[in-house]
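Beneath this line is the structure, given in structure tokens, with notes to follow.
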Amino acid sequence: ARSIAEDLRQREPERQAEFIIADNIILDGDPQLLRILVENLLANAWKFTSKKSTSRIEIGSSTDQGGRHICFVRDNGAGFDMNYADKLFGAFQRLHSSSDFPGSGIGLATVQRIINRHRGRVWAEAKINEGATFYFFIP
């Protein structure tokens with residue numbers, strides 16, 4: 001996650017961005033796929049915070065009531081209307097105009113496929129103009 005965050009910073013060094021990355025988050029799975037998962041989630045947060053004067057992107061984890069290790073990527077970006085959350089992980093489904101936030105529309109679909117391959121779950125919570133949080137767990 002730290003190297004991906006640094007890559008994003010190097011691509012746009014003029015952006016004011018704060019990355020908060022928790023220590024000791026360990027996932028058990030295919031290392032290449034997990035890197036793609038993190039790249040897509042961080043790139044998504046980076047994209048949707050691009051209109052903020054200071055981007056804030058946080059990667060952390062917690063334990064839910066069932067004892068599962070839940071990871072999250074949280075940002076202070078554009079957010080989205082939760083009424084359309086079911087469309088987030090579909091290929092080429094967009095909740096924002098491509099002129100506002102360019103992209104291919106496959107990043108979150110890729111995240112979903114990687115999580116499914118690891119028999120996990122991914123979901124999101126957001127408020128318009130208040131950011132989004134993407135949660136996931138891998139058993």
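Identifiers for the structure tokens are assigned positionally: chains receive A, B, ... in sequence, residues are indexed from 1 per chain, and ligands are indexed from 1 in the order shown.
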Expected answer as a list in words: strand (DSSP E) residues in range 59-139 of chain A: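 Checking each residue of range 59-139 of chain A, the strand (DSSP E) ones are Ile59, Gly60, Ser61, Ser62, Thr63, His69, Ile70, Cys71, Phe72, Val73, Arg74, Asp75, Arg121, Val122, Trp123, Ala124, Glu125, Ala126, Lys127, Gly131, Ala132, Thr133, Phe134, Tyr135, Phe136 and Phe137 of chain A.
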Shell around Ser3 in chain A at 12 Å using only C-alpha atoms, local window under 6 positions removed, as a PyMOL selection string: chain A and resi 9-10+19+21+35+38-39+42
Those in range 8-58 of chain A with helix (DSSP H, G or I) from DSSP, as a PyMOL selection string: chain A and resi 8-11+31-48
Please, could you write that set of residues out with N, CA and C atoms as an mmCIF file, in the first residue's frame?
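What ended up in out13.cif:
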```
data_model
loop_
_atom_site.group_PDB
_atom_site.id
_atom_site.type_symbol
_atom_site.label_atom_id
_atom_site.label_comp_id
_atom_site.auth_asym_id
_atom_site.auth_seq_id
_atom_site.Cartn_x
_atom_site.Cartn_y
_atom_site.Cartn_z
ATOM 1 N N LEU A 8 1.283 6.989 -6.758
ATOM 2 C CA LEU A 8 0.233 7.967 -7.039
ATOM 3 C C LEU A 8 0.740 9.386 -6.813
ATOM 4 N N ARG A 9 1.467 9.583 -5.739
ATOM 5 C CA ARG A 9 2.036 10.910 -5.456
ATOM 6 C C ARG A 9 3.005 11.353 -6.552
ATOM 7 N N GLN A 10 3.821 10.432 -7.027
ATOM 8 C CA GLN A 10 4.800 10.779 -8.061
ATOM 9 C C GLN A 10 4.139 11.140 -9.389
ATOM 10 N N ARG A 11 2.988 10.525 -9.680
ATOM 11 C CA ARG A 11 2.269 10.839 -10.920
ATOM 12 C C ARG A 11 1.695 12.244 -10.902
ATOM 13 N N PRO A 31 -0.459 -12.968 -3.790
ATOM 14 C CA PRO A 31 0.186 -11.651 -3.653
ATOM 15 C C PRO A 31 -0.049 -10.734 -4.858
ATOM 16 N N GLN A 32 -0.021 -11.275 -6.057
ATOM 17 C CA GLN A 32 -0.223 -10.435 -7.247
ATOM 18 C C GLN A 32 -1.651 -9.906 -7.308
ATOM 19 N N LEU A 33 -2.611 -10.765 -7.016
ATOM 20 C CA LEU A 33 -4.005 -10.320 -7.036
ATOM 21 C C LEU A 33 -4.288 -9.327 -5.913
ATOM 22 N N LEU A 34 -3.696 -9.554 -4.751
ATOM 23 C CA LEU A 34 -3.914 -8.627 -3.639
ATOM 24 C C LEU A 34 -3.307 -7.259 -3.937
ATOM 25 N N ARG A 35 -2.187 -7.240 -4.635
ATOM 26 C CA ARG A 35 -1.608 -5.949 -5.045
ATOM 27 C C ARG A 35 -2.550 -5.221 -6.004
ATOM 28 N N ILE A 36 -3.122 -5.954 -6.953
ATOM 29 C CA ILE A 36 -4.070 -5.357 -7.895
ATOM 30 C C ILE A 36 -5.290 -4.834 -7.143
ATOM 31 N N LEU A 37 -5.757 -5.581 -6.162
ATOM 32 C CA LEU A 37 -6.874 -5.152 -5.319
ATOM 33 C C LEU A 37 -6.569 -3.807 -4.668
ATOM 34 N N VAL A 38 -5.425 -3.714 -4.013
ATOM 35 C CA VAL A 38 -5.047 -2.479 -3.320
ATOM 36 C C VAL A 38 -4.818 -1.349 -4.325
ATOM 37 N N GLU A 39 -4.180 -1.645 -5.450
ATOM 38 C CA GLU A 39 -3.978 -0.622 -6.485
ATOM 39 C C GLU A 39 -5.304 -0.040 -6.945
ATOM 40 N N ASN A 40 -6.271 -0.893 -7.204
ATOM 41 C CA ASN A 40 -7.568 -0.417 -7.677
ATOM 42 C C ASN A 40 -8.300 0.397 -6.621
ATOM 43 N N LEU A 41 -8.275 -0.045 -5.379
ATOM 44 C CA LEU A 41 -8.953 0.707 -4.327
ATOM 45 C C LEU A 41 -8.277 2.056 -4.072
ATOM 46 N N LEU A 42 -6.956 2.078 -4.063
ATOM 47 C CA LEU A 42 -6.260 3.352 -3.846
ATOM 48 C C LEU A 42 -6.400 4.284 -5.045
ATOM 49 N N ALA A 43 -6.327 3.738 -6.253
ATOM 50 C CA ALA A 43 -6.503 4.562 -7.451
ATOM 51 C C ALA A 43 -7.907 5.160 -7.483
ATOM 52 N N ASN A 44 -8.889 4.384 -7.062
ATOM 53 C CA ASN A 44 -10.263 4.868 -7.002
ATOM 54 C C ASN A 44 -10.371 6.028 -6.005
ATOM 55 N N ALA A 45 -9.805 5.848 -4.823
ATOM 56 C CA ALA A 45 -9.824 6.914 -3.812
ATOM 57 C C ALA A 45 -9.072 8.144 -4.321
ATOM 58 N N TRP A 46 -7.946 7.934 -4.966
ATOM 59 C CA TRP A 46 -7.145 9.035 -5.520
ATOM 60 C C TRP A 46 -7.957 9.815 -6.547
ATOM 61 N N LYS A 47 -8.620 9.094 -7.434
ATOM 62 C CA LYS A 47 -9.413 9.734 -8.486
ATOM 63 C C LYS A 47 -10.544 10.565 -7.886
ATOM 64 N N PHE A 48 -11.287 9.981 -6.953
ATOM 65 C CA PHE A 48 -12.475 10.652 -6.444
ATOM 66 C C PHE A 48 -12.185 11.688 -5.366
#
```
Coordinates-based distance that separates CA of Ile57 in chain A from CA of Phe72 in chain A (Å, one decimal):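 Value for the CA of Phe72 in chain A-CA of Ile57 in chain A distance: 10.3 Å.
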